[in-house]
Number of protein chains: 2
Amino acid sequence: MTARTFSPGSYLPQWLRHYQKAWLAGDLTAGLIVTVMLIPQSLAYALLAGLPPEVGLYASILPIIAYALLGSSMTLAVGPVAVASLMTASALQPFAAAGTVEYTALAVQLSLLSGVMLLAFGALRLGFLAYFLSHPVISGFITGSAVVIAVGQLKHVLGVRAPSGSTWDTLVGLVHALPQTNFVTLTLGLGSLVFLVVARRYLARWLTAVGVSAKTADILSKLAPMAAVMVSTAVVALLRLDISAKVSVVGVVPQGLPQLGLALPEPGVVGQLWLPALLISLVGFVESVSVAQSLALKRQQRIAPNKELLGLGAANVASALSGGYPVTGGFARSVVNFAAGANTPLAGVFSAGLMAVVIAFMTGAFYYLPHAVLAATIIVAVVSLVDFETLKEALHYDRADALSLIATALGVVTMGVEVGILMGVALSLGVLVWRSSRPHIAVVGRVPGTEHYRNVERHAVETVPGLLALRVDESLFFANATVLEDRIEDLIRADTAVRRVLLVCSAVNQIDTTALGVLTELNKSLAKRGIALELAEVKGPVMDRLQHTALGRALQGRVHQSVHAAFSQG
Amino acid sequence: MTARTFSPGSYLPQWLRHYQKAWLAGDLTAGLIVTVMLIPQSLAYALLAGLPPEVGLYASILPIIAYALLGSSMTLAVGPVAVASLMTASALQPFAAAGTVEYTALAVQLSLLSGVMLLAFGALRLGFLAYFLSHPVISGFITGSAVVIAVGQLKHVLGVRAPSGSTWDTLVGLVHALPQTNFVTLTLGLGSLVFLVVARRYLARWLTAVGVSAKTADILSKLAPMAAVMVSTAVVALLRLDISAKVSVVGVVPQGLPQLGLALPEPGVVGQLWLPALLISLVGFVESVSVAQSLALKRQQRIAPNKELLGLGAANVASALSGGYPVTGGFARSVVNFAAGANTPLAGVFSAGLMAVVIAFMTGAFYYLPHAVLAATIIVAVVSLVDFETLKEALHYDRADALSLIATALGVVTMGVEVGILMGVALSLGVLVWRSSRPHIAVVGRVPGTEHYRNVERHAVETVPGLLALRVDESLFFANATVLEDRIEDLIRADTAVRRVLLVCSAVNQIDTTALGVLTELNKSLAKRGIALELAEVKGPVMDRLQHTALGRALQGRVHQSVHAAFSQG
């Protein structure tokens, strides 16, 4: 009998149990740099989500720690991100006015629902759910969202009030509001935009030109938003532009760590929010995993999708617990975290600690931060998400994929994020079914003098009169069973001498109930016409199932080990 | 130069151009027998749809003729059917009260929308849309609908008023209304039920016992509903039970042929009805095609799905044109039509002519027909649609399919036909993606002394150190590309000696944009580790596309004709 002693260490994540001193420097540096990016981003994305600034800050502490304990990526930076913030705003708009207490409460519950869903998916090992979204659909969704987000931020840059709603309504509202433009605000906003664009495009090059290493230059250029925030805040504070020029500023951000607490949502709220929560969960998961995966591969590490579900689920529950809103893995911050030398999630934990210090003592520093500058950082961040590359590639390579991409992007822009993503999923699946419904079916014959059997249309092969041998290069299921049946019937009508129909099942990995039914009927119908249905090269698992069915019993003695055996017979 | 003269005959359907005298007797007999079935059915299904009885009759004339001109089945009997009637009622309930003029107008427009959709699908050759529904989902849907329909008819059998709504509400309403039971109505209803059940189960057997041929006996037993209608109508008329016992009867049915006319729906109506119209179209199409297909196969005929779309589309537009409601191919009537000897759609045209005579001169005969008897015919008809066989088979053969079936049936019963069928489609596709996301991937080696390469786990084969050869038995696309990548990474970690990764693409019929992206990244990432990605047995069409991509160019010189060529190299 082996005694199993309790060891608290075994509940800690592997990176923590085997932590090496050599990793510490990289983790601390990366944690610091990510925090400098995270502060303006969490304030900006809260603005985008229609939430008070502190909600963005709250979402940047506990979620990171929760992910560090359960997630599988060493470098993913979890927290508020642009697309999830837009989806939050879109989900809550029908139920409460942005900025109200109810609105914030709903955002917290949206995060809780999303977290619980992700945890459940992880526990049920439903990582495959991510595969419902094809890459073109995701690309179209992100591009469409970027347009919606950028257009939505223009009012902050202009310093006007404009209704939120569809992208078109927003644009019309902006045009009507143009005469009310606050030119001081516009100057701050445009100035930041120009600075951020220039910094993004040229700063790294200039820094390397003056001798900074390429890597450091790259990281420094990512800190431009913080510089814009600091300079603009100082300018507004010194000139009291918030009063003299009515520049809209962040204002009072409550100081102090978030209070922990969890209000379970009412059934009615669950009914309203489950679909948006599901979509946020799915999109967030897919985005996170793809970022985490691409970073992990560069260091020969692996991402476990089901662990990611648990990590992101815990992060969202932790966000809800501390008054935050839906979070996921962010692209830009993760890349910087990786480049700045993060070795383990300790970088994130350190960053969370710094954020806690900021919230506990320094929220006063944000008072004079102009909304226009936050909007400028959002616009520059999301415009870089617009992805023409995938569209170009898809147009060139696969029209159906290009169409899905364009339709999803247009759907998001004209009908909103939720309808857009649902349209995208429907299109992905539609294309999948359409493709699967056209399986490759080849009539095969024998390569003379060998035991090889090949497509009669491509090779000079021998056939046996009366024997029709078909190779199906796909599993048989509801979307293509009837197509196979039609094909067989057409071939039999074309060649009335056929007495044996041989299905070569070397590429058939599954036969679902629908296809089983079709084959059963086909066998009966062929038998009436004096034609025998035969199978060859049926895979083990397929045969195991088949032999207990009526079709399996009917086909006894007519299932051949190889095509050659079938050809040699009779 | 060949002169193309105008020939009106070429626009006629083939069966009509080549009509043979020998077919006439069968067509006339079948047409007559189907009419005798059609009269009570069209009245009953109009009742089920919440429509006045004449709407059911109108839907039984022009649609049949329109289908005869464009459809591809020789024996499909088009007209009002149970499931489409239930779906019509469910679609219109939110917008108008059953029995009102607006309700009927909406039913006509639903038929028009459905017809236009089917015509458009046919013109676009979208017959593959039918494949979105797997057999278990259809079975679950029909079974669930049968339960909903049967429960909904109980109030007519009891002669009480009960609210329509969810199945549960209906049952509760029935229990509350029990004290108001009209016992004369109940006697008529129960009597008909017993008669119809006995007739369905034993009549054919008794008739053959007294010397009637099996086929004739079978057809005669299908005419039992007409007998029930005639006898009960006579009883009510003679005893004036409609007045003395307040038995609910059909009452006045307007006499005269339907007026032709077409009111185009308002945009608002289109917005409300497009989804139900789409679902009715899809379900109707799938049902029709499967009935038509199974009958056609018995006579070595073929069904052309895209022609069926046109035929059913024209039938629905014709229905709308003549004041009818959504129609499709009915199961029971088609089987009787076939068995009674119908050779061509002329049987249907004859039946339509007889229906026109009935409507023009004989609607007075329906005045005393009790609703309870119509309800009894509906109940007996739909109970036979409950399909435990498919469930049993699926439970035994494939759990995922069985779950889809049960979920769809429960969805229909608890949440209504529309949610139910959408759930079913989502489940079908979910199962499809789930299966596709687990492609069969085998590491292969050489069967000693041959050029055959087989799964290393199943055969004693030779491998080459440093060469990892993988055969993927499925097309590569968004749902499984990452799975392949994960598998390769796992295998490389397990065997650090690997220097070449060979993908055997003999079963890969397509590589979509997502999979192309994954392979492109994989190639780069492997290259960094000094590992070469190679391909073998790439199919022609796949290679054609691949060679113009970045991946294709990167892989130049590493795409082998055969696995053997790859193994022989290096």
# chains A, B, ... in the order shown; residues from 1 in each chain; ligands from 1

call {"tool": "interface_residues", "arguments": {"of": "chain A", "to": "chain B", "cutoff": "6 Å", "atoms": "only C-alpha atoms", "output": "PDB file with C-alpha atoms, in the first residue's frame"}}
result
ATOM      1  CA  TYR A 131     -13.126  24.935 -34.810  1.00  0.00           C
ATOM      2  CA  SER A 134     -12.750  29.304 -39.915  1.00  0.00           C
ATOM      3  CA  HIS A 135      -9.799  31.629 -40.267  1.00  0.00           C
ATOM      4  CA  ASP A 473     -12.545   9.557 -50.655  1.00  0.00           C
ATOM      5  CA  PHE A 478     -25.835  12.814 -44.017  1.00  0.00           C
ATOM      6  CA  ALA A 479     -24.338  15.472 -46.259  1.00  0.00           C
ATOM      7  CA  ALA A 507     -10.896   6.477 -46.996  1.00  0.00           C
ATOM      8  CA  THR A 514     -28.173   8.573 -42.295  1.00  0.00           C
TER       9      THR A 514
END

call {"tool": "select_by_dssp", "arguments": {"residues": "range 207-372 of chain A", "states": "alpha helix (DSSP H)", "output": "short mmCIF file (atom, residue, chain, number, x, y, z; two decimals) with N, CA and C atoms, in the first residue's frame"}}
result
data_model
loop_
_atom_site.label_atom_id
_atom_site.label_comp_id
_atom_site.auth_asym_id
_atom_site.auth_seq_id
_atom_site.Cartn_x
_atom_site.Cartn_y
_atom_site.Cartn_z
N LEU A 207 14.93 54.71 -33.54
CA LEU A 207 15.68 54.28 -32.35
C LEU A 207 16.83 53.38 -32.73
N THR A 208 16.59 52.44 -33.66
CA THR A 208 17.70 51.57 -34.08
C THR A 208 18.76 52.41 -34.79
N ALA A 209 18.33 53.45 -35.51
CA ALA A 209 19.30 54.31 -36.22
C ALA A 209 20.24 55.00 -35.22
N ALA A 214 17.43 46.40 -31.87
CA ALA A 214 16.15 46.26 -32.59
C ALA A 214 15.03 45.86 -31.63
N LYS A 215 15.32 44.91 -30.75
CA LYS A 215 14.30 44.40 -29.85
C LYS A 215 13.83 45.49 -28.88
N THR A 216 14.77 46.20 -28.28
CA THR A 216 14.42 47.27 -27.34
C THR A 216 13.65 48.36 -28.06
N ALA A 217 14.08 48.70 -29.26
CA ALA A 217 13.41 49.75 -30.03
C ALA A 217 11.97 49.35 -30.29
N ASP A 218 11.78 48.09 -30.63
CA ASP A 218 10.45 47.60 -30.92
C ASP A 218 9.54 47.73 -29.70
N ILE A 219 10.09 47.34 -28.54
CA ILE A 219 9.30 47.41 -27.31
C ILE A 219 9.01 48.86 -26.94
N LEU A 220 10.03 49.72 -27.05
CA LEU A 220 9.84 51.13 -26.69
C LEU A 220 8.75 51.76 -27.56
N SER A 221 8.71 51.39 -28.85
CA SER A 221 7.72 52.00 -29.74
C SER A 221 6.30 51.62 -29.32
N ALA A 224 4.39 54.09 -26.84
CA ALA A 224 3.96 55.41 -27.29
C ALA A 224 2.62 55.83 -26.69
N PRO A 225 1.62 54.90 -26.62
CA PRO A 225 0.33 55.32 -26.05
C PRO A 225 0.50 55.89 -24.64
N MET A 226 1.38 55.27 -23.81
CA MET A 226 1.58 55.78 -22.46
C MET A 226 2.15 57.20 -22.51
N ALA A 227 3.06 57.43 -23.45
CA ALA A 227 3.64 58.77 -23.58
C ALA A 227 2.56 59.77 -23.96
N ALA A 228 1.70 59.39 -24.91
CA ALA A 228 0.61 60.28 -25.32
C ALA A 228 -0.29 60.59 -24.14
N VAL A 229 -0.59 59.57 -23.35
CA VAL A 229 -1.45 59.74 -22.19
C VAL A 229 -0.80 60.71 -21.20
N MET A 230 0.48 60.52 -20.92
CA MET A 230 1.15 61.35 -19.92
C MET A 230 1.25 62.80 -20.36
N VAL A 231 1.69 63.00 -21.62
CA VAL A 231 1.86 64.37 -22.10
C VAL A 231 0.51 65.09 -22.15
N SER A 232 -0.53 64.41 -22.71
CA SER A 232 -1.82 65.08 -22.86
C SER A 232 -2.44 65.36 -21.50
N THR A 233 -2.28 64.43 -20.56
CA THR A 233 -2.80 64.65 -19.21
C THR A 233 -2.13 65.88 -18.59
N ALA A 234 -0.83 65.99 -18.76
CA ALA A 234 -0.09 67.13 -18.19
C ALA A 234 -0.58 68.44 -18.81
N VAL A 235 -0.75 68.43 -20.15
CA VAL A 235 -1.20 69.65 -20.84
C VAL A 235 -2.57 70.08 -20.33
N VAL A 236 -3.51 69.10 -20.27
CA VAL A 236 -4.87 69.43 -19.82
C VAL A 236 -4.83 69.94 -18.38
N ALA A 237 -4.05 69.30 -17.52
CA ALA A 237 -3.99 69.67 -16.11
C ALA A 237 -3.41 71.08 -15.95
N LEU A 238 -2.33 71.35 -16.68
CA LEU A 238 -1.67 72.65 -16.52
C LEU A 238 -2.55 73.78 -17.01
N LEU A 239 -3.23 73.58 -18.17
CA LEU A 239 -4.05 74.65 -18.73
C LEU A 239 -5.49 74.58 -18.27
N LEU A 241 -7.74 72.64 -19.20
CA LEU A 241 -8.56 72.61 -20.42
C LEU A 241 -9.92 71.97 -20.17
N ASP A 242 -10.01 71.16 -19.12
CA ASP A 242 -11.30 70.53 -18.83
C ASP A 242 -12.34 71.57 -18.48
N ILE A 243 -11.90 72.70 -17.89
CA ILE A 243 -12.85 73.76 -17.55
C ILE A 243 -12.84 74.84 -18.63
N SER A 244 -11.65 75.34 -18.96
CA SER A 244 -11.58 76.46 -19.90
C SER A 244 -12.06 76.08 -21.30
N PRO A 267 -32.64 34.72 -13.34
CA PRO A 267 -32.92 33.89 -14.52
C PRO A 267 -33.19 34.75 -15.76
N GLY A 268 -33.91 35.86 -15.58
CA GLY A 268 -34.22 36.72 -16.72
C GLY A 268 -32.96 37.25 -17.39
N VAL A 269 -31.99 37.64 -16.55
CA VAL A 269 -30.73 38.17 -17.07
C VAL A 269 -29.99 37.08 -17.84
N VAL A 270 -30.01 35.86 -17.30
CA VAL A 270 -29.36 34.75 -17.99
C VAL A 270 -30.00 34.56 -19.36
N GLY A 271 -31.34 34.66 -19.41
CA GLY A 271 -32.05 34.51 -20.67
C GLY A 271 -31.63 35.56 -21.68
N GLN A 272 -31.38 36.80 -21.19
CA GLN A 272 -30.99 37.87 -22.11
C GLN A 272 -29.54 37.75 -22.55
N LEU A 273 -28.69 37.33 -21.62
CA LEU A 273 -27.25 37.44 -21.88
C LEU A 273 -26.56 36.15 -22.32
N TRP A 274 -27.27 35.02 -22.33
CA TRP A 274 -26.53 33.79 -22.61
C TRP A 274 -25.93 33.76 -24.01
N LEU A 275 -26.68 34.28 -24.99
CA LEU A 275 -26.14 34.23 -26.35
C LEU A 275 -24.92 35.14 -26.53
N PRO A 276 -25.03 36.44 -26.11
CA PRO A 276 -23.82 37.27 -26.18
C PRO A 276 -22.66 36.68 -25.38
N ALA A 277 -22.97 36.11 -24.19
CA ALA A 277 -21.89 35.53 -23.38
C ALA A 277 -21.22 34.38 -24.14
N LEU A 278 -22.04 33.57 -24.80
CA LEU A 278 -21.50 32.44 -25.56
C LEU A 278 -20.61 32.95 -26.70
N LEU A 279 -21.09 33.99 -27.40
CA LEU A 279 -20.31 34.51 -28.53
C LEU A 279 -19.00 35.13 -28.06
N ILE A 280 -19.07 35.90 -26.95
CA ILE A 280 -17.85 36.50 -26.41
C ILE A 280 -16.87 35.41 -26.00
N SER A 281 -17.41 34.35 -25.37
CA SER A 281 -16.56 33.25 -24.93
C SER A 281 -15.86 32.61 -26.12
N LEU A 282 -16.65 32.30 -27.15
CA LEU A 282 -16.10 31.60 -28.31
C LEU A 282 -15.05 32.45 -29.02
N VAL A 283 -15.44 33.71 -29.32
CA VAL A 283 -14.52 34.58 -30.05
C VAL A 283 -13.26 34.80 -29.22
N GLY A 284 -13.45 35.07 -27.92
CA GLY A 284 -12.30 35.30 -27.05
C GLY A 284 -11.40 34.09 -27.00
N PHE A 285 -12.00 32.93 -26.90
CA PHE A 285 -11.22 31.69 -26.83
C PHE A 285 -10.42 31.47 -28.10
N VAL A 286 -11.09 31.62 -29.25
CA VAL A 286 -10.41 31.40 -30.53
C VAL A 286 -9.24 32.37 -30.69
N GLU A 287 -9.48 33.66 -30.37
CA GLU A 287 -8.44 34.66 -30.49
C GLU A 287 -7.26 34.34 -29.58
N SER A 288 -7.60 34.04 -28.31
CA SER A 288 -6.58 33.74 -27.31
C SER A 288 -5.72 32.57 -27.73
N VAL A 289 -6.38 31.48 -28.12
CA VAL A 289 -5.64 30.28 -28.45
C VAL A 289 -4.73 30.53 -29.64
N SER A 290 -5.22 31.33 -30.63
CA SER A 290 -4.37 31.50 -31.81
C SER A 290 -3.15 32.36 -31.47
N VAL A 291 -3.34 33.38 -30.61
CA VAL A 291 -2.19 34.18 -30.18
C VAL A 291 -1.22 33.31 -29.38
N ALA A 292 -1.78 32.62 -28.38
CA ALA A 292 -0.95 31.79 -27.49
C ALA A 292 -0.19 30.74 -28.28
N GLN A 293 -0.89 30.13 -29.25
CA GLN A 293 -0.29 29.08 -30.06
C GLN A 293 0.89 29.61 -30.85
N SER A 294 0.69 30.77 -31.51
CA SER A 294 1.76 31.25 -32.39
C SER A 294 2.97 31.66 -31.56
N LEU A 295 2.75 32.18 -30.34
CA LEU A 295 3.89 32.53 -29.49
C LEU A 295 4.57 31.27 -28.95
N ALA A 296 3.77 30.30 -28.54
CA ALA A 296 4.34 29.07 -27.95
C ALA A 296 5.22 28.35 -28.97
N LEU A 297 4.78 28.32 -30.22
CA LEU A 297 5.53 27.60 -31.25
C LEU A 297 6.93 28.16 -31.43
N LYS A 298 7.06 29.48 -31.23
CA LYS A 298 8.38 30.09 -31.41
C LYS A 298 9.37 29.58 -30.37
N PRO A 305 -5.64 23.29 -25.58
CA PRO A 305 -6.90 24.05 -25.72
C PRO A 305 -7.85 23.89 -24.54
N ASN A 306 -7.97 22.66 -24.01
CA ASN A 306 -8.92 22.50 -22.91
C ASN A 306 -8.44 23.18 -21.63
N LYS A 307 -7.13 23.26 -21.42
CA LYS A 307 -6.60 24.02 -20.28
C LYS A 307 -6.81 25.51 -20.50
N GLU A 308 -6.71 25.93 -21.77
CA GLU A 308 -6.96 27.34 -22.07
C GLU A 308 -8.39 27.72 -21.71
N LEU A 309 -9.32 26.82 -22.01
CA LEU A 309 -10.72 27.08 -21.65
C LEU A 309 -10.84 27.30 -20.15
N LEU A 310 -10.17 26.43 -19.37
CA LEU A 310 -10.23 26.56 -17.91
C LEU A 310 -9.57 27.87 -17.48
N GLY A 311 -8.42 28.19 -18.06
CA GLY A 311 -7.70 29.40 -17.68
C GLY A 311 -8.52 30.66 -17.97
N LEU A 312 -9.08 30.72 -19.17
CA LEU A 312 -9.88 31.89 -19.54
C LEU A 312 -11.18 31.93 -18.75
N GLY A 313 -11.76 30.75 -18.50
CA GLY A 313 -12.98 30.70 -17.69
C GLY A 313 -12.71 31.25 -16.29
N ALA A 314 -11.63 30.78 -15.67
CA ALA A 314 -11.28 31.25 -14.32
C ALA A 314 -11.02 32.76 -14.35
N ALA A 315 -10.35 33.24 -15.41
CA ALA A 315 -10.06 34.67 -15.52
C ALA A 315 -11.34 35.48 -15.55
N ASN A 316 -12.36 35.00 -16.28
CA ASN A 316 -13.61 35.75 -16.36
C ASN A 316 -14.40 35.70 -15.07
N VAL A 317 -14.37 34.53 -14.40
CA VAL A 317 -15.05 34.46 -13.11
C VAL A 317 -14.34 35.40 -12.13
N ALA A 318 -13.00 35.41 -12.17
CA ALA A 318 -12.23 36.31 -11.28
C ALA A 318 -12.55 37.76 -11.61
N SER A 319 -12.72 38.07 -12.89
CA SER A 319 -13.07 39.43 -13.29
C SER A 319 -14.41 39.82 -12.68
N ALA A 320 -15.40 38.92 -12.79
CA ALA A 320 -16.72 39.20 -12.23
C ALA A 320 -16.64 39.37 -10.71
N LEU A 321 -15.82 38.53 -10.09
CA LEU A 321 -15.66 38.55 -8.63
C LEU A 321 -15.14 39.89 -8.15
N PHE A 331 -3.85 40.47 -28.15
CA PHE A 331 -2.80 40.21 -29.13
C PHE A 331 -1.55 41.07 -28.87
N ALA A 332 -1.75 42.41 -28.86
CA ALA A 332 -0.60 43.32 -28.79
C ALA A 332 0.19 43.12 -27.48
N ARG A 333 -0.52 43.07 -26.35
CA ARG A 333 0.17 42.94 -25.06
C ARG A 333 0.91 41.61 -24.96
N SER A 334 0.31 40.54 -25.51
CA SER A 334 0.98 39.24 -25.45
C SER A 334 2.27 39.26 -26.25
N VAL A 335 2.22 39.89 -27.41
CA VAL A 335 3.42 39.95 -28.26
C VAL A 335 4.52 40.72 -27.54
N VAL A 336 4.15 41.85 -26.91
CA VAL A 336 5.14 42.64 -26.17
C VAL A 336 5.67 41.84 -24.98
N ASN A 337 4.78 41.18 -24.28
CA ASN A 337 5.16 40.37 -23.13
C ASN A 337 6.21 39.34 -23.54
N PHE A 338 5.94 38.69 -24.66
CA PHE A 338 6.85 37.69 -25.20
C PHE A 338 8.19 38.32 -25.57
N ALA A 339 8.12 39.44 -26.32
CA ALA A 339 9.33 40.09 -26.81
C ALA A 339 10.16 40.67 -25.66
N LEU A 346 4.55 34.39 -14.28
CA LEU A 346 4.92 35.28 -13.18
C LEU A 346 4.98 36.72 -13.66
N ALA A 347 5.35 36.92 -14.94
CA ALA A 347 5.35 38.27 -15.51
C ALA A 347 3.97 38.88 -15.34
N GLY A 348 2.93 38.10 -15.63
CA GLY A 348 1.57 38.58 -15.49
C GLY A 348 1.22 38.88 -14.04
N VAL A 349 1.64 37.99 -13.16
CA VAL A 349 1.36 38.18 -11.74
C VAL A 349 2.00 39.48 -11.26
N PHE A 350 3.23 39.72 -11.69
CA PHE A 350 3.93 40.96 -11.32
C PHE A 350 3.16 42.17 -11.86
N SER A 351 2.71 42.06 -13.11
CA SER A 351 1.94 43.13 -13.72
C SER A 351 0.65 43.38 -12.94
N ALA A 352 -0.01 42.31 -12.53
CA ALA A 352 -1.24 42.45 -11.74
C ALA A 352 -0.94 43.17 -10.44
N GLY A 353 0.20 42.84 -9.81
CA GLY A 353 0.59 43.51 -8.57
C GLY A 353 0.78 45.01 -8.79
N LEU A 354 1.45 45.36 -9.88
CA LEU A 354 1.66 46.78 -10.19
C LEU A 354 0.33 47.48 -10.42
N MET A 355 -0.58 46.80 -11.15
CA MET A 355 -1.90 47.40 -11.39
C MET A 355 -2.63 47.63 -10.07
N ALA A 356 -2.48 46.68 -9.13
CA ALA A 356 -3.12 46.84 -7.82
C ALA A 356 -2.58 48.08 -7.13
N VAL A 357 -1.27 48.31 -7.22
CA VAL A 357 -0.67 49.50 -6.61
C VAL A 357 -1.25 50.76 -7.25
N VAL A 358 -1.36 50.73 -8.58
CA VAL A 358 -1.91 51.89 -9.30
C VAL A 358 -3.33 52.19 -8.81
N ILE A 359 -4.14 51.14 -8.71
CA ILE A 359 -5.54 51.35 -8.32
C ILE A 359 -5.64 51.80 -6.86
N ALA A 360 -4.77 51.27 -6.04
CA ALA A 360 -4.85 51.58 -4.61
C ALA A 360 -4.39 53.01 -4.32
N PHE A 361 -3.45 53.51 -5.11
CA PHE A 361 -2.85 54.80 -4.72
C PHE A 361 -2.84 55.88 -5.80
N HIS A 371 -10.53 62.07 -22.88
CA HIS A 371 -11.16 60.94 -23.60
C HIS A 371 -10.67 60.88 -25.04
N ALA A 372 -10.41 62.06 -25.64
CA ALA A 372 -10.00 62.09 -27.05
C ALA A 372 -8.70 61.30 -27.25
#

call {"tool": "residues_around", "arguments": {"residues": "Val101 in chain B", "least_positions_apart": "4", "cutoff": "12 Å", "atoms": "only C-alpha atoms", "output": "list in words"}}
result
Gly50, Leu51, Pro52, Val55, Ala96, Ala97, Ala105, Leu106, Ala107, Val108 and Gly323 of chain B

call {"tool": "residues_around", "arguments": {"residues": "Ser139 in chain B", "least_positions_apart": "3", "cutoff": "10 Å", "atoms": "only C-alpha atoms", "output": "PyMOL selection string"}}
result
chain B and resi 133-136+142-145+385-391+404-406+408-409

call {"tool": "residues_around", "arguments": {"residues": "Thr377 in chain A", "least_positions_apart": "6", "cutoff": "12 Å", "atoms": "only C-alpha atoms", "output": "number ranges by chain"}}
result
A: 37-45, 47-48, 82, 149-150, 153-154, 156-157, 188-197, 199-200, 222-229, 370-371, 383-384

call {"tool": "residues_around", "arguments": {"residues": "Cys505 in chain B", "least_positions_apart": "6", "cutoff": "12 Å", "atoms": "only C-alpha atoms", "output": "list in words"}}
result
Asp473 and Ala507 of chain A; Ile441, Ala442, Ala469, Leu470, Arg471, Val472, Asp473, Glu474, Ser475, Leu476, Ile511, Glu534, Leu535, Ala536, Glu537, Val538, Lys539, Gly540, Val542, Met543, Val559, His560, Gln561, Ser562 and Val563 of chain B

call {"tool": "write_last_selection", "arguments": {"atoms": "C-alpha atoms", "output": "mmCIF file, in the first residue's frame"}}
result
data_model
loop_
_atom_site.group_PDB
_atom_site.id
_atom_site.type_symbol
_atom_site.label_atom_id
_atom_site.label_comp_id
_atom_site.auth_asym_id
_atom_site.auth_seq_id
_atom_site.Cartn_x
_atom_site.Cartn_y
_atom_site.Cartn_z
ATOM 1 C CA ASP A 473 -12.545 9.557 -50.655
ATOM 2 C CA ALA A 507 -10.896 6.477 -46.996
ATOM 3 C CA ILE B 441 -4.168 10.302 -38.880
ATOM 4 C CA ALA B 442 -1.868 7.280 -39.168
ATOM 5 C CA ALA B 469 5.379 9.769 -42.536
ATOM 6 C CA LEU B 470 1.761 10.622 -41.716
ATOM 7 C CA ARG B 471 -1.317 9.727 -43.714
ATOM 8 C CA VAL B 472 -4.319 12.022 -43.176
ATOM 9 C CA ASP B 473 -7.597 10.361 -44.120
ATOM 10 C CA GLU B 474 -9.626 13.520 -44.585
ATOM 11 C CA SER B 475 -9.611 16.845 -46.420
ATOM 12 C CA LEU B 476 -7.831 19.555 -44.475
ATOM 13 C CA ILE B 511 -7.153 22.235 -48.378
ATOM 14 C CA GLU B 534 7.336 17.261 -47.400
ATOM 15 C CA LEU B 535 4.221 16.100 -49.214
ATOM 16 C CA ALA B 536 3.444 12.943 -51.151
ATOM 17 C CA GLU B 537 0.590 11.765 -53.377
ATOM 18 C CA VAL B 538 -0.973 15.206 -53.611
ATOM 19 C CA LYS B 539 -4.025 15.029 -55.864
ATOM 20 C CA GLY B 540 -4.028 16.980 -59.114
ATOM 21 C CA VAL B 542 -5.105 20.202 -54.813
ATOM 22 C CA MET B 543 -1.627 20.627 -56.336
ATOM 23 C CA VAL B 559 6.480 17.199 -53.159
ATOM 24 C CA HIS B 560 6.819 13.519 -54.054
ATOM 25 C CA GLN B 561 4.786 11.513 -56.551
ATOM 26 C CA SER B 562 4.492 8.583 -54.176
ATOM 27 C CA VAL B 563 5.283 7.615 -50.609
#

call {"tool": "closest_residue", "arguments": {"among": "B:Thr414, B:Gln259, B:Ser248, B:Gln14", "to": "Tyr368 in chain B", "atoms": "only C-alpha atoms"}}
result
B:Ser248

call {"tool": "atom_distance", "arguments": {"atom1": "CA of Gly115 in chain A", "atom2": "CA of Pro326 in chain A"}}
result
8.2 Å

call {"tool": "atom_distance", "arguments": {"atom1": "CA of Leu86 in chain A", "atom2": "CA of Arg161 in chain A"}}
result
18.4 Å

call {"tool": "residues_around", "arguments": {"residues": "Pro465 in chain B", "least_positions_apart": "3", "cutoff": "9 Å", "atoms": "only C-alpha atoms", "output": "JSON, numbers by chain"}}
result
{"B": [468, 497, 498, 499]}
